[in-house]
Amino acid sequence: QKEVEQDPGPLSVPEGAIVSLNCTYSNSAFQYFMWYRQYSRKGPELLMYTYSSGNKEDGRFTAQVDKSSKYISLFIRDSQPSDSATYLCAIRDNQGGKLIFGQGTELSVKP
Amino acid sequence: EPEVTQTPSHQVTQMGQEVILRCVPISNHLYFYWYRQILGQKVEFLVSFYNNEISEKSEIFDDQFSVERPDGSNFTLKIRSTKLEDSAMYFCASSGQLTDTQYFGPGTRLTVL
């Protein structure tokens with residue numbers, strides 16, 4: 001079983017839509033969860049960083065962690081064409097600190 | 001705002017040649033990482049570095065790879081004898097503490113011919 005799984009999409013939505021991006025993970029001991037945004041041929045840019053379960057909100061972005069289901073989500077409200085990018089979920093390995101990434105979901109927001 | 005920088009942005013090399021990819025992490029950070037991303041695939045961990053030594057490495061990071069922090073600012077990844085399958089984007093990242101956010105550089109695109 002892969003440690004982190006993410007639907008690669010692509011996902012296409014109209015401007016203003018609510019976007020839901022999701023990942024599942026296998027190791028219940030994981031505690032640090034991140035969402036990165038990556039534009040084509042650029043480095044990952046941190047969007048959200050969450051410790052343990054619960055929700056975290058930052059502007060139009062909400063990150064949600066459900067440790068009982070081993071499921072993490074990123075919601076984007078009022079999506080904009082500038083949100084078009086690949087969104088990567090990442091989980092920090094507890095022992096060494098390395099990040100384990102999902103495949104990335106390619107999002108396109110159409111005007 | 002402080003950022004991680006990487007040079008060169010694109011490196012083209014012949015198979016069997018040595019390459020050195022360079023990174024300047026954020027200045028007060030203590031933990032340094034290299035990741036790579038083959039086109040269309042996941043970002044994969046290569047190696048982490050702390051206190052002037054490797055703290056963890058993946059199975060990808062074999063004897064052909066090495067890392068070094070030659071001075072107080074640079075962090076380098078060397079591939080001794082490049083293979084075609086080393087073609088990828090290589091990202092450097094740094095963090096202040098082990099559990100802190102990792103900040104990524106813009107990447108070096110390595111093309112091995």
# chains A, B, ... in the order shown; residues from 1 in each chain; ligands from 1
$ closest_atom_pairs --of "chain A" --to "chain B" --cutoff "7 Å" --atoms "only C-alpha atoms" --output "JSON lines"
{"residue": "A:Lys42", "atom": "CA", "partner": "B:Pro106", "partner_atom": "CA", "distance": 5.2}
{"residue": "A:Gly43", "atom": "CA", "partner": "B:Pro106", "partner_atom": "CA", "distance": 4.2}
{"residue": "A:Pro44", "atom": "CA", "partner": "B:Phe104", "partner_atom": "CA", "distance": 6.0}
{"residue": "A:Glu45", "atom": "CA", "partner": "B:Phe104", "partner_atom": "CA", "distance": 6.8}
{"residue": "A:Gly96", "atom": "CA", "partner": "B:Glu56", "partner_atom": "CA", "distance": 6.5}
{"residue": "A:Gly97", "atom": "CA", "partner": "B:Leu98", "partner_atom": "CA", "distance": 5.9}
{"residue": "A:Lys98", "atom": "CA", "partner": "B:Phe45", "partner_atom": "CA", "distance": 6.7}
{"residue": "A:Leu99", "atom": "CA", "partner": "B:Phe45", "partner_atom": "CA", "distance": 6.9}
{"residue": "A:Phe101", "atom": "CA", "partner": "B:Val43", "partner_atom": "CA", "distance": 6.0}
{"residue": "A:Gly102", "atom": "CA", "partner": "B:Lys42", "partner_atom": "CA", "distance": 6.5}
{"residue": "A:Gln103", "atom": "CA", "partner": "B:Lys42", "partner_atom": "CA", "distance": 4.8}
$ write_last_selection --atoms "N, CA and C atoms" --output "PDB file, in the first residue's frame"
ATOM      1  N   LYS A  42       8.117  24.679 -11.504  1.00  0.00           N
ATOM      2  CA  LYS A  42       8.553  25.504 -10.380  1.00  0.00           C
ATOM      3  C   LYS A  42       8.633  24.649  -9.125  1.00  0.00           C
ATOM      4  N   GLY A  43       9.196  25.199  -8.057  1.00  0.00           N
ATOM      5  CA  GLY A  43       9.279  24.484  -6.798  1.00  0.00           C
ATOM      6  C   GLY A  43       7.967  24.505  -6.043  1.00  0.00           C
ATOM      7  N   PRO A  44       7.726  23.499  -5.208  1.00  0.00           N
ATOM      8  CA  PRO A  44       6.517  23.501  -4.368  1.00  0.00           C
ATOM      9  C   PRO A  44       6.522  24.688  -3.412  1.00  0.00           C
ATOM     10  N   GLU A  45       5.347  25.295  -3.278  1.00  0.00           N
ATOM     11  CA  GLU A  45       5.168  26.467  -2.421  1.00  0.00           C
ATOM     12  C   GLU A  45       4.176  26.081  -1.329  1.00  0.00           C
ATOM     13  N   GLY A  96      12.443  10.831  10.655  1.00  0.00           N
ATOM     14  CA  GLY A  96      13.539  11.555  10.014  1.00  0.00           C
ATOM     15  C   GLY A  96      13.197  12.945   9.533  1.00  0.00           C
ATOM     16  N   GLY A  97      11.923  13.263   9.440  1.00  0.00           N
ATOM     17  CA  GLY A  97      11.530  14.590   8.989  1.00  0.00           C
ATOM     18  C   GLY A  97      11.329  14.736   7.497  1.00  0.00           C
ATOM     19  N   LYS A  98      11.636  13.720   6.719  1.00  0.00           N
ATOM     20  CA  LYS A  98      11.428  13.833   5.275  1.00  0.00           C
ATOM     21  C   LYS A  98       9.940  13.981   4.978  1.00  0.00           C
ATOM     22  N   LEU A  99       9.654  14.608   3.853  1.00  0.00           N
ATOM     23  CA  LEU A  99       8.275  14.738   3.403  1.00  0.00           C
ATOM     24  C   LEU A  99       7.954  13.617   2.422  1.00  0.00           C
ATOM     25  N   PHE A 101       5.268  12.770  -0.402  1.00  0.00           N
ATOM     26  CA  PHE A 101       4.307  13.498  -1.218  1.00  0.00           C
ATOM     27  C   PHE A 101       3.309  12.573  -1.885  1.00  0.00           C
ATOM     28  N   GLY A 102       2.108  13.120  -2.096  1.00  0.00           N
ATOM     29  CA  GLY A 102       1.153  12.493  -2.989  1.00  0.00           C
ATOM     30  C   GLY A 102       1.519  12.785  -4.434  1.00  0.00           C
ATOM     31  N   GLN A 103       0.776  12.190  -5.330  1.00  0.00           N
ATOM     32  CA  GLN A 103       1.042  12.340  -6.753  1.00  0.00           C
ATOM     33  C   GLN A 103       0.836  13.768  -7.245  1.00  0.00           C
TER      34      GLN A 103
END
$ select_by_dssp --residues "region 30-99 of chain B" --states "strand (DSSP E)" --output "PyMOL selection string"
chain B and resi 31-37+43-50+53-57+65-68+75-79+88-95
$ write_last_selection --atoms "N, CA and C atoms" --output "CSV table (one decimal), in the first residue's frame"
chain,number,residue,atom,x,y,z
B,31,TYR,N,18.3,22.5,8.9
B,31,TYR,CA,18.0,21.2,8.2
B,31,TYR,C,17.9,21.4,6.7
B,32,PHE,N,18.5,20.5,6.0
B,32,PHE,CA,18.6,20.7,4.5
B,32,PHE,C,18.2,19.4,3.8
B,33,TYR,N,17.6,19.5,2.7
B,33,TYR,CA,17.0,18.4,2.0
B,33,TYR,C,17.2,18.5,0.5
B,34,TRP,N,17.3,17.4,-0.1
B,34,TRP,CA,17.2,17.3,-1.6
B,34,TRP,C,16.1,16.4,-1.9
B,35,TYR,N,15.3,16.8,-2.9
B,35,TYR,CA,14.2,16.0,-3.4
B,35,TYR,C,14.4,16.0,-5.0
B,36,ARG,N,13.8,15.0,-5.6
B,36,ARG,CA,13.7,15.1,-7.1
B,36,ARG,C,12.3,14.8,-7.6
B,37,GLN,N,12.1,15.2,-8.8
B,37,GLN,CA,10.8,15.0,-9.4
B,37,GLN,C,11.0,14.7,-10.9
B,43,VAL,N,7.1,14.0,-6.3
B,43,VAL,CA,8.3,14.5,-5.7
B,43,VAL,C,8.8,13.5,-4.7
B,44,GLU,N,10.1,13.1,-4.8
B,44,GLU,CA,10.6,12.0,-4.0
B,44,GLU,C,11.8,12.5,-3.2
B,45,PHE,N,11.9,12.1,-2.0
B,45,PHE,CA,12.9,12.4,-1.1
B,45,PHE,C,14.2,11.7,-1.5
B,46,LEU,N,15.3,12.5,-1.4
B,46,LEU,CA,16.6,11.9,-1.7
B,46,LEU,C,17.4,11.8,-0.4
B,47,VAL,N,17.6,12.9,0.3
B,47,VAL,CA,18.5,13.0,1.4
B,47,VAL,C,18.2,14.1,2.3
B,48,SER,N,18.5,13.9,3.6
B,48,SER,CA,18.4,15.1,4.5
B,48,SER,C,19.8,15.2,5.2
B,49,PHE,N,20.1,16.4,5.7
B,49,PHE,CA,21.4,16.8,6.1
B,49,PHE,C,21.3,17.7,7.3
B,50,TYR,N,22.0,17.4,8.4
B,50,TYR,CA,21.9,18.2,9.6
B,50,TYR,C,23.2,18.1,10.3
B,53,GLU,N,26.2,16.4,8.6
B,53,GLU,CA,26.2,15.0,8.2
B,53,GLU,C,24.8,14.5,7.7
B,54,ILE,N,24.8,13.5,6.9
B,54,ILE,CA,23.6,13.0,6.4
B,54,ILE,C,22.8,12.3,7.5
B,55,SER,N,21.5,12.8,7.7
B,55,SER,CA,20.7,12.2,8.7
B,55,SER,C,19.8,11.1,8.2
B,56,GLU,N,19.4,11.1,6.9
B,56,GLU,CA,18.6,10.1,6.3
B,56,GLU,C,18.8,10.1,4.8
B,57,LYS,N,18.8,9.0,4.2
B,57,LYS,CA,18.8,8.9,2.7
B,57,LYS,C,17.9,7.9,2.2
B,65,PHE,N,25.7,9.5,-5.6
B,65,PHE,CA,25.3,10.8,-5.1
B,65,PHE,C,26.1,11.1,-3.8
B,66,SER,N,26.3,12.4,-3.7
B,66,SER,CA,26.9,12.9,-2.4
B,66,SER,C,26.4,14.3,-2.2
B,67,VAL,N,26.4,14.7,-0.9
B,67,VAL,CA,26.0,16.1,-0.5
B,67,VAL,C,27.1,16.7,0.3
B,68,GLU,N,27.1,18.0,0.3
B,68,GLU,CA,28.2,18.7,1.0
B,68,GLU,C,27.7,20.1,1.4
B,75,PHE,N,24.8,24.5,-0.1
B,75,PHE,CA,24.5,23.1,0.1
B,75,PHE,C,24.5,22.5,-1.3
B,76,THR,N,25.3,21.5,-1.5
B,76,THR,CA,25.4,21.0,-2.9
B,76,THR,C,25.1,19.5,-3.0
B,77,LEU,N,24.6,19.1,-4.2
B,77,LEU,CA,24.3,17.7,-4.5
B,77,LEU,C,25.2,17.4,-5.7
B,78,LYS,N,26.0,16.4,-5.5
B,78,LYS,CA,26.9,15.9,-6.6
B,78,LYS,C,26.4,14.6,-7.1
B,79,ILE,N,26.3,14.5,-8.4
B,79,ILE,CA,26.1,13.1,-9.0
B,79,ILE,C,27.4,12.8,-9.8
B,88,ALA,N,15.7,14.9,-14.3
B,88,ALA,CA,14.6,15.2,-13.4
B,88,ALA,C,14.8,16.7,-12.9
B,89,MET,N,13.8,17.2,-12.2
B,89,MET,CA,13.9,18.4,-11.5
B,89,MET,C,14.4,18.1,-10.1
B,90,TYR,N,15.4,18.8,-9.6
B,90,TYR,CA,16.0,18.6,-8.3
B,90,TYR,C,15.7,19.8,-7.5
B,91,PHE,N,15.1,19.5,-6.3
B,91,PHE,CA,14.7,20.6,-5.4
B,91,PHE,C,15.4,20.5,-4.1
B,92,CYS,N,15.9,21.7,-3.7
B,92,CYS,CA,16.5,21.8,-2.4
B,92,CYS,C,15.5,22.4,-1.5
B,93,ALA,N,15.5,22.0,-0.2
B,93,ALA,CA,14.6,22.5,0.8
B,93,ALA,C,15.3,22.7,2.1
B,94,SER,N,14.8,23.6,2.9
B,94,SER,CA,15.4,23.8,4.2
B,94,SER,C,14.4,24.1,5.2
B,95,SER,N,14.7,23.8,6.5
B,95,SER,CA,13.8,24.2,7.6
B,95,SER,C,14.6,24.6,8.8
$ residues_around --residues "Asp83 (chain A)" --least-positions-apart "3" --cutoff "10 Å" --atoms "only C-alpha atoms" --output "list in words"
Glu15, Arg37, Tyr39, Ile76, Asp78, Ser79, Gln80, Thr86, Tyr87, Leu107, Ser108, Val109 and Lys110 of chain A
$ write_last_selection --atoms "N, CA, C and O atoms" --output "short mmCIF file (atom, residue, chain, number, x, y, z; two decimals), in the first residue's frame"
data_model
loop_
_atom_site.label_atom_id
_atom_site.label_comp_id
_atom_site.auth_asym_id
_atom_site.auth_seq_id
_atom_site.Cartn_x
_atom_site.Cartn_y
_atom_site.Cartn_z
N GLU A 15 -14.65 29.30 -12.62
CA GLU A 15 -14.29 30.32 -11.65
C GLU A 15 -15.41 30.50 -10.63
O GLU A 15 -16.60 30.51 -10.98
N ARG A 37 1.49 24.04 -3.26
CA ARG A 37 1.03 24.36 -4.62
C ARG A 37 2.26 24.42 -5.50
O ARG A 37 3.30 24.97 -5.11
N TYR A 39 3.40 25.38 -9.46
CA TYR A 39 3.17 25.80 -10.83
C TYR A 39 4.15 25.05 -11.73
O TYR A 39 5.20 24.57 -11.28
N ILE A 76 -10.83 24.96 -1.48
CA ILE A 76 -10.58 26.29 -2.00
C ILE A 76 -11.94 26.90 -2.30
O ILE A 76 -12.69 26.38 -3.13
N ASP A 78 -14.37 30.08 -3.67
CA ASP A 78 -14.32 31.16 -4.66
C ASP A 78 -13.06 31.02 -5.52
O ASP A 78 -12.23 31.93 -5.61
N SER A 79 -12.91 29.88 -6.15
CA SER A 79 -11.69 29.59 -6.90
C SER A 79 -11.47 30.61 -8.03
O SER A 79 -12.44 31.10 -8.64
N GLN A 80 -10.21 30.91 -8.27
CA GLN A 80 -9.81 31.90 -9.26
C GLN A 80 -8.92 31.24 -10.32
O GLN A 80 -8.24 30.25 -10.03
N THR A 86 -0.79 22.62 -9.77
CA THR A 86 -0.85 21.28 -9.20
C THR A 86 -0.75 21.39 -7.69
O THR A 86 0.12 22.11 -7.17
N TYR A 87 -1.63 20.71 -6.99
CA TYR A 87 -1.68 20.75 -5.53
C TYR A 87 -1.17 19.43 -4.98
O TYR A 87 -1.65 18.35 -5.35
N LEU A 107 -5.12 21.13 -11.09
CA LEU A 107 -6.37 21.90 -11.06
C LEU A 107 -6.35 22.98 -12.12
O LEU A 107 -5.36 23.72 -12.25
N SER A 108 -7.44 23.10 -12.84
CA SER A 108 -7.62 24.18 -13.80
C SER A 108 -8.91 24.90 -13.46
O SER A 108 -9.98 24.28 -13.39
N VAL A 109 -8.83 26.21 -13.25
CA VAL A 109 -10.00 27.03 -12.96
C VAL A 109 -10.26 27.89 -14.19
O VAL A 109 -9.43 28.74 -14.56
N LYS A 110 -11.40 27.66 -14.81
CA LYS A 110 -11.72 28.35 -16.07
C LYS A 110 -12.48 29.64 -15.81
O LYS A 110 -13.43 29.65 -15.03
#
$ closest_residue --among "A:Ile72, A:Cys89, A:Ile18, A:Val13" --to "Pro111 (chain A)" --atoms "only C-alpha atoms"
A:Val13
$ atom_distance --atom1 "CA of Arg22 (chain B)" --atom2 "CA of Gln6 (chain B)"
5.6 Å
$ residues_around --residues "Glu3 (chain A)" --least-positions-apart "6" --cutoff "8 Å" --atoms "only C-alpha atoms" --output "PyMOL selection string"
chain A and resi 25-27+100
$ atom_distance --atom1 "CA of Pro10 (chain A)" --atom2 "CA of Glu106 (chain A)"
4.8 Å
$ closest_residue --among "B:Gly96, B:Pro25, B:Leu84, B:Glu59" --to "Thr13 (chain B)" --atoms "only C-alpha atoms"
B:Leu84
$ closest_residue --among "B:Ile60, B:Val112, B:Ile20, B:Ile38" --to "Thr7 (chain B)" --atoms "only C-alpha atoms"
B:Ile20
$ residues_around --residues "Gln31 (chain A)" --least-positions-apart "6" --cutoff "9 Å" --atoms "only C-alpha atoms" --output "MDAnalysis selection string"
chainID A and resid 50:53 67 91:94
